[in-house]
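Q: What follows is run_10.cif, made up of mmCIF, C-alpha atoms:
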data_coords
loop_
_atom_site.group_PDB
_atom_site.id
_atom_site.type_symbol
_atom_site.label_atom_id
_atom_site.label_comp_id
_atom_site.auth_asym_id
_atom_site.auth_seq_id
_atom_site.Cartn_x
_atom_site.Cartn_y
_atom_site.Cartn_z
ATOM 1 C CA PHE K 20 0.620 17.507 39.736
ATOM 2 C CA LEU K 21 3.382 16.749 37.232
ATOM 3 C CA ALA K 22 3.611 13.387 35.520
ATOM 4 C CA LEU K 23 6.902 12.318 33.998
ATOM 5 C CA VAL K 24 6.641 10.130 30.913
ATOM 6 C CA PRO K 25 9.760 8.134 30.065
ATOM 7 C CA ALA K 26 11.195 8.679 26.617
ATOM 8 C CA PRO K 27 10.723 5.766 24.210
ATOM 9 C CA SER K 28 13.601 3.364 24.107
ATOM 10 C CA ARG K 29 15.753 2.895 21.020
ATOM 11 C CA VAL K 30 13.997 -0.415 20.389
ATOM 12 C CA GLU K 31 10.587 1.275 20.546
ATOM 13 C CA GLN K 32 11.761 4.035 18.229
ATOM 14 C CA ASN K 33 13.128 1.478 15.773
ATOM 15 C CA CYS K 34 9.868 -0.483 15.917
ATOM 16 C CA ARG K 35 7.867 2.648 15.114
ATOM 17 C CA THR K 36 10.165 3.495 12.228
ATOM 18 C CA TYR K 37 9.855 -0.053 10.930
ATOM 19 C CA THR K 38 6.072 0.014 11.252
ATOM 20 C CA ILE K 39 5.779 3.147 9.139
ATOM 21 C CA SER K 40 8.323 2.124 6.496
ATOM 22 C CA ILE K 41 7.170 -1.352 5.496
ATOM 23 C CA MET K 42 4.522 -0.011 3.118
ATOM 24 C CA ARG K 43 4.498 -1.137 -0.479
ATOM 25 C CA ILE K 44 2.738 1.234 -2.895
ATOM 26 C CA LEU K 45 1.219 0.250 -6.210
ATOM 27 C CA VAL K 46 0.736 2.997 -8.811
ATOM 28 C CA GLY K 47 -1.520 2.796 -11.847
ATOM 29 C CA VAL K 48 0.035 4.259 -15.001
ATOM 30 C CA LYS K 49 -1.765 4.848 -18.306
ATOM 31 C CA ARG K 50 -0.409 5.600 -21.769
ATOM 32 C CA VAL K 51 -2.474 8.286 -23.504
ATOM 33 C CA VAL K 52 -2.243 10.740 -26.380
ATOM 34 C CA ASP K 53 0.119 13.503 -25.288
ATOM 35 C CA TYR K 54 -1.745 16.446 -23.786
ATOM 36 C CA ALA K 55 -0.137 18.900 -26.225
ATOM 37 C CA VAL K 56 -1.219 16.976 -29.336
ATOM 38 C CA LYS K 57 -4.287 17.997 -31.339
ATOM 39 C CA VAL K 58 -6.483 14.925 -31.318
ATOM 40 C CA ARG K 59 -7.558 13.579 -34.711
ATOM 41 C CA VAL K 60 -10.652 11.460 -35.342
ATOM 42 C CA ARG K 61 -10.589 8.520 -37.707
ATOM 43 C CA ALA K 62 -12.288 8.966 -41.049
ATOM 44 C CA ASP K 63 -14.885 6.320 -40.118
ATOM 45 C CA LYS K 64 -15.636 8.195 -36.855
ATOM 46 C CA THR K 65 -15.216 5.081 -34.733
ATOM 47 C CA ALA K 66 -12.333 6.270 -32.569
ATOM 48 C CA VAL K 67 -9.497 8.725 -32.089
ATOM 49 C CA GLU K 68 -6.555 8.142 -34.403
ATOM 50 C CA LEU K 69 -3.604 6.662 -32.500
ATOM 51 C CA LYS K 70 -1.289 5.777 -35.376
ATOM 52 C CA ASN K 71 1.668 8.139 -35.794
ATOM 53 C CA THR K 72 0.470 10.061 -32.742
ATOM 54 C CA LYS K 73 2.735 11.109 -29.893
ATOM 55 C CA MET K 74 1.860 9.215 -26.710
ATOM 56 C CA SER K 75 2.964 9.865 -23.142
ATOM 57 C CA MET K 76 2.081 9.143 -19.536
ATOM 58 C CA ASN K 77 -1.292 10.457 -18.401
ATOM 59 C CA PRO K 78 -0.569 13.718 -16.490
ATOM 60 C CA PHE K 79 -2.546 12.612 -13.424
ATOM 61 C CA CYS K 80 -0.627 9.320 -13.413
ATOM 62 C CA GLU K 81 2.605 11.335 -13.344
ATOM 63 C CA ILE K 82 1.317 13.021 -10.183
ATOM 64 C CA ALA K 83 0.502 9.610 -8.695
ATOM 65 C CA VAL K 84 4.007 8.292 -9.431
ATOM 66 C CA GLU K 85 5.582 11.434 -7.971
ATOM 67 C CA GLU K 86 3.571 11.133 -4.756
ATOM 68 C CA ALA K 87 4.471 7.469 -4.311
ATOM 69 C CA VAL K 88 8.166 8.200 -4.905
ATOM 70 C CA ARG K 89 8.066 11.056 -2.384
ATOM 71 C CA LEU K 90 6.604 8.715 0.234
ATOM 72 C CA LYS K 91 9.460 6.311 -0.463
ATOM 73 C CA GLU K 92 12.001 9.117 -0.138
ATOM 74 C CA LYS K 93 10.500 9.974 3.252
ATOM 75 C CA LYS K 94 11.147 6.330 4.301
ATOM 76 C CA ILE K 95 7.407 5.790 4.655
ATOM 77 C CA ALA K 96 7.327 3.262 1.812
ATOM 78 C CA LYS K 97 9.905 0.642 0.991
ATOM 79 C CA GLU K 98 8.887 -0.066 -2.597
ATOM 80 C CA VAL K 99 6.913 1.501 -5.441
ATOM 81 C CA VAL K 100 5.454 -0.770 -8.119
ATOM 82 C CA ALA K 101 4.126 0.762 -11.363
ATOM 83 C CA VAL K 102 1.458 -1.110 -13.333
ATOM 84 C CA SER K 103 0.203 -0.385 -16.841
ATOM 85 C CA VAL K 104 -2.232 -2.136 -19.165
ATOM 86 C CA GLY K 105 -1.920 -1.886 -22.929
ATOM 87 C CA PRO K 106 0.119 -2.796 -26.004
ATOM 88 C CA LYS K 107 3.862 -3.386 -25.981
ATOM 89 C CA GLU K 108 4.457 0.368 -26.385
ATOM 90 C CA ALA K 109 3.132 0.843 -22.844
ATOM 91 C CA GLN K 110 6.521 -0.369 -21.625
ATOM 92 C CA GLU K 111 7.947 3.006 -22.652
ATOM 93 C CA THR K 112 5.538 4.656 -20.221
ATOM 94 C CA LEU K 113 6.529 2.204 -17.493
ATOM 95 C CA ARG K 114 10.209 2.975 -18.103
ATOM 96 C CA THR K 115 9.383 6.634 -17.530
ATOM 97 C CA ALA K 116 7.806 5.713 -14.187
ATOM 98 C CA LEU K 117 10.922 3.713 -13.314
ATOM 99 C CA ALA K 118 13.115 6.678 -14.255
ATOM 100 C CA MET K 119 11.042 8.892 -11.962
ATOM 101 C CA GLY K 120 11.831 6.581 -9.048
ATOM 102 C CA ALA K 121 9.567 3.523 -9.122
ATOM 103 C CA ASP K 122 11.394 0.324 -8.164
ATOM 104 C CA LYS K 123 9.797 -2.149 -10.537
ATOM 105 C CA ALA K 124 7.041 -2.370 -13.104
ATOM 106 C CA ILE K 125 4.378 -4.789 -14.285
ATOM 107 C CA HIS K 126 3.022 -4.647 -17.834
ATOM 108 C CA ILE K 127 -0.330 -6.295 -18.530
ATOM 109 C CA ILE K 128 -0.237 -6.974 -22.272
ATOM 110 C CA THR K 129 -3.393 -6.554 -24.337
ATOM 111 C CA ASP K 130 -4.426 -5.263 -27.746
ATOM 112 C CA MET K 131 -7.620 -3.727 -26.330
ATOM 113 C CA ARG K 132 -7.789 0.037 -26.824
ATOM 114 C CA PRO K 133 -7.238 1.625 -23.385
ATOM 115 C CA ASP K 134 -9.360 4.647 -24.323
ATOM 116 C CA GLN K 135 -12.463 2.698 -25.423
ATOM 117 C CA GLU K 136 -12.398 -1.083 -25.004
ATOM 118 C CA LEU K 137 -10.510 -1.313 -21.703
ATOM 119 C CA GLN K 138 -13.033 0.450 -19.522
ATOM 120 C CA PRO K 139 -12.805 1.574 -15.854
ATOM 121 C CA LEU K 140 -14.307 -1.598 -14.366
ATOM 122 C CA ALA K 141 -11.819 -3.767 -16.243
ATOM 123 C CA ALA K 142 -8.912 -1.519 -15.221
ATOM 124 C CA ALA K 143 -10.049 -1.670 -11.588
ATOM 125 C CA LYS K 144 -10.189 -5.469 -11.667
ATOM 126 C CA ILE K 145 -6.697 -5.696 -13.157
ATOM 127 C CA LEU K 146 -5.199 -3.256 -10.646
ATOM 128 C CA GLY K 147 -7.001 -5.116 -7.874
ATOM 129 C CA GLU K 148 -5.415 -8.411 -8.858
ATOM 130 C CA MET K 149 -1.993 -6.779 -9.136
ATOM 131 C CA THR K 150 -2.490 -5.245 -5.690
ATOM 132 C CA LYS K 151 -3.102 -8.719 -4.281
ATOM 133 C CA LYS K 152 -0.205 -10.210 -6.230
ATOM 134 C CA THR K 153 2.287 -7.613 -4.990
ATOM 135 C CA GLU K 154 0.769 -7.517 -1.466
ATOM 136 C CA SER K 155 0.631 -3.731 -1.647
ATOM 137 C CA ASP K 156 -0.572 -1.657 1.314
ATOM 138 C CA MET K 157 -1.642 1.403 -0.661
ATOM 139 C CA VAL K 158 -2.721 2.117 -4.231
ATOM 140 C CA VAL K 159 -2.193 5.551 -5.761
ATOM 141 C CA VAL K 160 -3.814 6.448 -9.089
ATOM 142 C CA GLY K 161 -4.598 9.594 -11.035
ATOM 143 C CA LYS K 162 -8.116 10.932 -10.533
ATOM 144 C CA GLN K 163 -8.805 10.456 -14.262
ATOM 145 C CA SER K 164 -7.167 9.897 -17.618
ATOM 146 C CA ILE K 165 -7.271 12.612 -20.241
ATOM 147 C CA ASP K 166 -8.490 10.285 -22.998
ATOM 148 C CA SER K 167 -11.708 8.770 -21.587
ATOM 149 C CA ASP K 168 -12.108 11.283 -18.689
ATOM 150 C CA ALA K 169 -14.204 8.738 -16.787
ATOM 151 C CA GLY K 170 -12.680 9.346 -13.342
ATOM 152 C CA GLN K 171 -13.954 5.986 -12.035
ATOM 153 C CA VAL K 172 -11.015 3.598 -11.652
ATOM 154 C CA GLY K 173 -9.998 4.660 -8.132
ATOM 155 C CA GLN K 174 -13.525 4.339 -6.785
ATOM 156 C CA MET K 175 -14.175 0.991 -8.497
ATOM 157 C CA LEU K 176 -10.814 -0.345 -7.335
ATOM 158 C CA ALA K 177 -11.627 0.526 -3.725
ATOM 159 C CA GLY K 178 -14.947 -1.288 -4.088
ATOM 160 C CA TYR K 179 -13.269 -4.297 -5.703
ATOM 161 C CA LEU K 180 -10.738 -4.577 -2.859
ATOM 162 C CA ASP K 181 -13.221 -3.491 -0.174
ATOM 163 C CA TRP K 182 -10.704 -0.830 0.927
ATOM 164 C CA PRO K 183 -11.359 2.735 2.123
ATOM 165 C CA GLN K 184 -10.718 5.443 -0.453
ATOM 166 C CA ALA K 185 -9.753 9.103 -0.665
ATOM 167 C CA THR K 186 -10.423 10.714 -4.035
ATOM 168 C CA TYR K 187 -9.227 14.012 -5.559
ATOM 169 C CA ALA K 188 -6.339 14.265 -3.093
ATOM 170 C CA SER K 189 -4.413 17.553 -2.869
ATOM 171 C CA ASN K 190 -2.356 16.519 0.176
ATOM 172 C CA VAL K 191 -1.430 13.137 1.670
ATOM 173 C CA GLU K 192 0.149 12.587 5.072
ATOM 174 C CA VAL K 193 0.897 9.265 6.703
ATOM 175 C CA LYS K 194 0.057 9.702 10.385
ATOM 176 C CA SER K 195 1.246 6.268 11.443
ATOM 177 C CA GLY K 196 1.814 2.855 9.991
ATOM 178 C CA GLU K 197 -1.926 2.313 10.080
ATOM 179 C CA LYS K 198 -3.571 5.620 9.066
ATOM 180 C CA ILE K 199 -3.286 8.365 6.459
ATOM 181 C CA GLU K 200 -4.752 11.861 6.415
ATOM 182 C CA VAL K 201 -5.866 13.127 3.013
ATOM 183 C CA THR K 202 -7.019 16.611 2.019
ATOM 184 C CA ARG K 203 -9.530 16.387 -0.825
ATOM 185 C CA GLU K 204 -10.617 19.005 -3.334
ATOM 186 C CA VAL K 205 -14.414 19.179 -3.322
ATOM 187 C CA ASP K 206 -16.982 21.564 -4.797
ATOM 188 C CA GLY K 207 -17.267 23.541 -1.566
ATOM 189 C CA GLY K 208 -13.508 23.877 -1.005
ATOM 190 C CA LEU K 209 -11.333 21.370 0.874
ATOM 191 C CA SER K 210 -12.251 18.310 2.912
ATOM 192 C CA THR K 211 -9.770 16.524 5.182
ATOM 193 C CA ILE K 212 -10.396 12.899 6.081
ATOM 194 C CA GLU K 213 -8.508 10.220 7.963
ATOM 195 C CA LEU K 214 -8.646 6.617 6.848
ATOM 196 C CA PRO K 215 -6.978 3.362 7.817
ATOM 197 C CA LEU K 216 -4.536 1.459 5.657
ATOM 198 C CA PRO K 217 -4.664 -0.339 3.308
ATOM 199 C CA ALA K 218 -6.381 2.296 1.167
ATOM 200 C CA VAL K 219 -6.816 3.701 -2.345
ATOM 201 C CA VAL K 220 -5.920 7.330 -3.114
ATOM 202 C CA SER K 221 -6.662 9.175 -6.362
ATOM 203 C CA CYS K 222 -4.574 12.275 -7.075
ATOM 204 C CA ASP K 223 -5.751 15.724 -8.099
ATOM 205 C CA LEU K 224 -3.778 18.307 -10.046
ATOM 206 C CA ARG K 225 -2.473 20.324 -7.084
ATOM 207 C CA LEU K 226 -1.073 17.396 -5.093
ATOM 208 C CA ASN K 227 2.487 17.928 -6.379
ATOM 209 C CA GLU K 228 4.672 18.938 -9.305
ATOM 210 C CA PRO K 229 6.045 15.800 -11.011
ATOM 211 C CA ARG K 230 9.813 15.668 -11.503
ATOM 212 C CA TYR K 231 11.480 15.282 -14.861
ATOM 213 C CA ALA K 232 13.269 12.010 -15.490
ATOM 214 C CA THR K 233 16.980 12.808 -15.769
ATOM 215 C CA LEU K 234 19.224 11.057 -18.287
ATOM 216 C CA PRO K 235 21.148 9.064 -15.624
ATOM 217 C CA ASN K 236 17.869 7.847 -14.134
ATOM 218 C CA ILE K 237 16.549 6.968 -17.590
ATOM 219 C CA MET K 238 19.650 4.809 -18.086
ATOM 220 C CA LYS K 239 19.205 3.202 -14.662
ATOM 221 C CA ALA K 240 15.543 2.493 -15.436
ATOM 222 C CA ARG K 241 16.592 0.113 -18.212
ATOM 223 C CA LYS K 242 18.074 -2.209 -15.596
ATOM 224 C CA LYS K 243 15.084 -2.187 -13.266
ATOM 225 C CA PRO K 244 12.773 -5.231 -13.363
ATOM 226 C CA LEU K 245 9.758 -5.101 -15.683
ATOM 227 C CA GLU K 246 7.453 -8.100 -15.543
ATOM 228 C CA THR K 247 5.058 -8.881 -18.393
ATOM 229 C CA ILE K 248 1.743 -10.712 -17.977
ATOM 230 C CA LYS K 249 -0.825 -11.513 -20.651
ATOM 231 C CA LEU K 250 -4.257 -10.125 -19.791
ATOM 232 C CA GLU K 251 -5.990 -13.410 -20.632
ATOM 233 C CA ASP K 252 -3.813 -15.215 -18.090
ATOM 234 C CA LEU K 253 -5.506 -13.262 -15.283
ATOM 235 C CA GLY K 254 -8.841 -14.943 -16.005
ATOM 236 C CA LEU K 255 -10.842 -11.741 -15.552
ATOM 237 C CA ASP K 256 -14.026 -10.618 -17.255
ATOM 238 C CA VAL K 257 -12.892 -7.408 -18.946
ATOM 239 C CA ALA K 258 -15.572 -7.206 -21.628
ATOM 240 C CA PRO K 259 -16.657 -3.611 -22.348
ATOM 241 C CA ARG K 260 -19.912 -2.572 -20.671
ATOM 242 C CA LEU K 261 -20.384 0.375 -23.028
ATOM 243 C CA ASN K 262 -20.191 0.562 -26.813
ATOM 244 C CA VAL K 263 -18.932 3.694 -28.538
ATOM 245 C CA VAL K 264 -21.433 4.565 -31.263
ATOM 246 C CA SER K 265 -19.595 7.480 -32.856
ATOM 247 C CA VAL K 266 -16.647 9.791 -32.234
ATOM 248 C CA GLU K 267 -16.736 13.267 -33.756
ATOM 249 C CA GLU K 268 -14.621 16.385 -33.545
ATOM 250 C CA PRO K 269 -16.246 19.409 -31.878
ATOM 251 C CA PRO K 270 -17.746 21.916 -34.333
ATOM 252 C CA PRO K 271 -15.395 24.756 -35.298
ATOM 253 C CA ARG K 272 -15.821 27.944 -33.318
ATOM 254 C CA GLN K 273 -17.537 30.765 -35.127
ATOM 255 C CA ALA K 274 -15.812 34.112 -35.410
ATOM 256 C CA GLY K 275 -16.955 36.775 -32.948
ATOM 257 C CA ILE K 276 -17.971 40.361 -33.668
ATOM 258 C CA LYS K 277 -17.092 43.681 -32.051
ATOM 259 C CA VAL K 278 -19.710 46.103 -30.772
ATOM 260 C CA GLU K 279 -19.303 49.800 -30.003
ATOM 261 C CA SER K 280 -21.481 50.070 -26.896
ATOM 262 C CA VAL K 281 -23.328 48.169 -24.194
ATOM 263 C CA GLU K 282 -26.624 49.031 -25.857
ATOM 264 C CA GLU K 283 -25.472 47.479 -29.118
ATOM 265 C CA LEU K 284 -24.296 44.388 -27.215
ATOM 266 C CA VAL K 285 -27.673 43.970 -25.526
ATOM 267 C CA ALA K 286 -29.487 44.463 -28.809
ATOM 268 C CA LYS K 287 -27.309 41.834 -30.508
ATOM 269 C CA LEU K 288 -27.868 39.333 -27.701
ATOM 270 C CA LYS K 289 -31.625 39.872 -27.942
ATOM 271 C CA GLU K 290 -31.464 39.445 -31.705
ATOM 272 C CA ASP K 291 -29.663 36.117 -31.312
ATOM 273 C CA GLY K 292 -32.118 34.983 -28.651
ATOM 274 C CA LYS K 293 -29.436 34.823 -25.923
ATOM 275 C CA ILE K 294 -31.437 37.000 -23.525
#
Starting from the file, give its structure as structure tokens.
A:
Amino acid sequence: FLALVPAPSRVEQNCRTYTISIMRILVGVKRVVDYAVKVRVRADKTAVELKNTKMSMNPFCEIAVEEAVRLKEKKIAKEVVAVSVGPKEAQETLRTALAMGADKAIHIITDMRPDQELQPLAAAKILGEMTKKTESDMVVVGKQSIDSDAGQVGQMLAGYLDWPQATYASNVEVKSGEKIEVTREVDGGLSTIELPLPAVVSCDLRLNEPRYATLPNIMKARKKPLETIKLEDLGLDVAPRLNVVSVEEPPPRQAGIKVESVEELVAKLKEDGKI
């Protein structure tokens, strides 16, 4: 028995294309000490020194921006909105996101230190409110920032919005206008899950290779809209839940020694109490 299924009409095809391309994606972007810079601790040991220090976009946030822009290039998303919280200098980081392909940016202005005072719960609340404000259908963030290394914002944001989440993503595919399939990096290997939209996705290192912002796109980014909002105007409780007691540099590594044989190595390890 052979059943013939009629091909979808042009209207049906257009409707499907429209359904999958109306998505608006919000991307969290954080300004951190550049990954190549040797971090210095303040003399009073209260924090990392940020003055006269090169700052850049958090590497995992770059991956998040790249993934959102790729989804827009595939006609799956219609708009990418970058959001950052921090001092006025954070606008430089947002301009980088715009040069990479984001359509517009929102800067939440605050003098709170993003690496200590502005903690994951506060960041999640702010991104949650911006998600509602922009009516976004998907939020993409880096799995962690390289300054605080908390790795909590994506999870807390999903809880705040009551949305499904996929963390540590190494591959993202939009199956339809209502579902995404995400491959996650886990301790035992890879885990692939399917979840409905709207959803929160946090990006792992192997998801993509971020593009470099070209000079023409950097020039174009200056003309793209960048909205500024004062943090206090959001009316959120962003008080720190943790207090940093002390910040110290790791102890200097001691010089190693060479041994002539395995026996000498074992004897030295026993002498040092290692075995």
Q: Find, counting only C-alpha atoms, the residue in K:Met157, K:Met119, K:Val266, K:Leu226 that gets nearest to Gln135 in chain K.
A: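 Ranked by minimum distance to Gln135 in chain K, first place goes to K:Val266.
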Q: Which of these residues is nearest to Pro133 in chain K, using all atoms listed in the file: K:Lys293, K:Glu204, K:Arg50, K:Lys93?
A: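 Smallest separation from Pro133 in chain K among the options: K:Arg50.
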Q: Please provide as a short mmCIF file (atom, residue, chain, number, x, y, z; two decimals) with C-alpha atoms, in the coordinates of the input all residues within 10 Å of Val205 in chain K, with the sequence filter that same-chain residues fewer than 3 positions apart are discarded (counting all atoms listed in the file).
A:
data_model
loop_
_atom_site.label_atom_id
_atom_site.label_comp_id
_atom_site.auth_asym_id
_atom_site.auth_seq_id
_atom_site.Cartn_x
_atom_site.Cartn_y
_atom_site.Cartn_z
CA THR K 186 -10.42 10.71 -4.04
CA TYR K 187 -9.23 14.01 -5.56
CA ALA K 188 -6.34 14.26 -3.09
CA THR K 202 -7.02 16.61 2.02
CA GLY K 208 -13.51 23.88 -1.00
CA LEU K 209 -11.33 21.37 0.87
CA SER K 210 -12.25 18.31 2.91
#
Q: Mind pulling up the distance from CA of Lys49 in chain K to CA of Asp252 in chain K?
A: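 Separation between CA of Asp252 in chain K and CA of Lys49 in chain K: 20.2 Å.
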Q: For the atom pair CA of Glu213 in chain K and CA of Glu200 in chain K, what is the interatomic distance in Å to one decimal place?
A: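 Atom-to-atom, CA of Glu213 in chain K to CA of Glu200 in chain K, that is 4.4 Å.
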Q: Hey, can you check how far CA of Asp63 in chain K sits from CA of Ser164 in chain K?
A: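 Computing it gives 24.1 Å between the two atoms.
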Q: With a distance cut-off of 10 Å and all atoms listed in the file, select the neighbouring residues of Met149 in chain K, excluding the residue or stretch itself and same-chain residues fewer than 3 positions from it, and output the selection as a VMD selection string.
A: chain K and resid 45 47 100 to 102 125 127 143 to 146 152 to 155 253
Q: Counting all atoms listed in the file, which residue out of K:Glu111, K:Glu251, K:Asp130, K:Glu267 sits closest to Ile237 in chain K?
A: K:Glu111
Q: Evaluate the PyMOL selection byres ((chain K and resi 185) around 12) and record the selected residues as a compact mmCIF listing (two decimals) with C-alpha atoms, keeping the file's coordinate frame, following the chain and residue labels used in the document.
A:
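Below you can see selection_29.txt, which holds the result:
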# COMPACT_ATOMS: atom_id res chain seq x y z
CA MET K 157 -1.64 1.40 -0.66
CA VAL K 158 -2.72 2.12 -4.23
CA VAL K 159 -2.19 5.55 -5.76
CA VAL K 160 -3.81 6.45 -9.09
CA GLY K 161 -4.60 9.59 -11.04
CA LYS K 162 -8.12 10.93 -10.53
CA GLY K 173 -10.00 4.66 -8.13
CA GLN K 174 -13.52 4.34 -6.78
CA LEU K 176 -10.81 -0.34 -7.34
CA ALA K 177 -11.63 0.53 -3.72
CA TRP K 182 -10.70 -0.83 0.93
CA PRO K 183 -11.36 2.74 2.12
CA GLN K 184 -10.72 5.44 -0.45
CA THR K 186 -10.42 10.71 -4.04
CA TYR K 187 -9.23 14.01 -5.56
CA ALA K 188 -6.34 14.26 -3.09
CA SER K 189 -4.41 17.55 -2.87
CA ASN K 190 -2.36 16.52 0.18
CA VAL K 191 -1.43 13.14 1.67
CA GLU K 192 0.15 12.59 5.07
CA ILE K 199 -3.29 8.36 6.46
CA GLU K 200 -4.75 11.86 6.42
CA VAL K 201 -5.87 13.13 3.01
CA THR K 202 -7.02 16.61 2.02
CA ARG K 203 -9.53 16.39 -0.82
CA GLU K 204 -10.62 19.00 -3.33
CA VAL K 205 -14.41 19.18 -3.32
CA SER K 210 -12.25 18.31 2.91
CA THR K 211 -9.77 16.52 5.18
CA ILE K 212 -10.40 12.90 6.08
CA GLU K 213 -8.51 10.22 7.96
CA LEU K 214 -8.65 6.62 6.85
CA PRO K 215 -6.98 3.36 7.82
CA LEU K 216 -4.54 1.46 5.66
CA PRO K 217 -4.66 -0.34 3.31
CA ALA K 218 -6.38 2.30 1.17
CA VAL K 219 -6.82 3.70 -2.35
CA VAL K 220 -5.92 7.33 -3.11
CA SER K 221 -6.66 9.18 -6.36
CA CYS K 222 -4.57 12.28 -7.08
CA ASP K 223 -5.75 15.72 -8.10
Q: Starting from the shown file, work through the PyMOL selection byres ((chain K and resi 116) around 10) and note down what comes out as a PDB file with C-alpha atoms, keeping the file's coordinate frame.
A:
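Saved file result_21.pdb follows:
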ATOM      1  CA  VAL K  46       0.736   2.997  -8.811  1.00  0.00           C
ATOM      2  CA  VAL K  48       0.035   4.259 -15.001  1.00  0.00           C
ATOM      3  CA  MET K  76       2.081   9.143 -19.536  1.00  0.00           C
ATOM      4  CA  CYS K  80      -0.627   9.320 -13.413  1.00  0.00           C
ATOM      5  CA  GLU K  81       2.605  11.335 -13.344  1.00  0.00           C
ATOM      6  CA  ALA K  83       0.502   9.610  -8.695  1.00  0.00           C
ATOM      7  CA  VAL K  84       4.007   8.292  -9.431  1.00  0.00           C
ATOM      8  CA  GLU K  85       5.582  11.434  -7.971  1.00  0.00           C
ATOM      9  CA  VAL K  88       8.166   8.200  -4.905  1.00  0.00           C
ATOM     10  CA  VAL K  99       6.913   1.501  -5.441  1.00  0.00           C
ATOM     11  CA  VAL K 100       5.454  -0.770  -8.119  1.00  0.00           C
ATOM     12  CA  ALA K 101       4.126   0.762 -11.363  1.00  0.00           C
ATOM     13  CA  VAL K 102       1.458  -1.110 -13.333  1.00  0.00           C
ATOM     14  CA  GLN K 110       6.521  -0.369 -21.625  1.00  0.00           C
ATOM     15  CA  GLU K 111       7.947   3.006 -22.652  1.00  0.00           C
ATOM     16  CA  THR K 112       5.538   4.656 -20.221  1.00  0.00           C
ATOM     17  CA  LEU K 113       6.529   2.204 -17.493  1.00  0.00           C
ATOM     18  CA  ARG K 114      10.209   2.975 -18.103  1.00  0.00           C
ATOM     19  CA  THR K 115       9.383   6.634 -17.530  1.00  0.00           C
ATOM     20  CA  LEU K 117      10.922   3.713 -13.314  1.00  0.00           C
ATOM     21  CA  ALA K 118      13.115   6.678 -14.255  1.00  0.00           C
ATOM     22  CA  MET K 119      11.042   8.892 -11.962  1.00  0.00           C
ATOM     23  CA  GLY K 120      11.831   6.581  -9.048  1.00  0.00           C
ATOM     24  CA  ALA K 121       9.567   3.523  -9.122  1.00  0.00           C
ATOM     25  CA  ASP K 122      11.394   0.324  -8.164  1.00  0.00           C
ATOM     26  CA  LYS K 123       9.797  -2.149 -10.537  1.00  0.00           C
ATOM     27  CA  ALA K 124       7.041  -2.370 -13.104  1.00  0.00           C
ATOM     28  CA  ALA K 232      13.269  12.010 -15.490  1.00  0.00           C
ATOM     29  CA  ILE K 237      16.549   6.968 -17.590  1.00  0.00           C
ATOM     30  CA  ALA K 240      15.543   2.493 -15.436  1.00  0.00           C
TER      31      ALA K 240
END
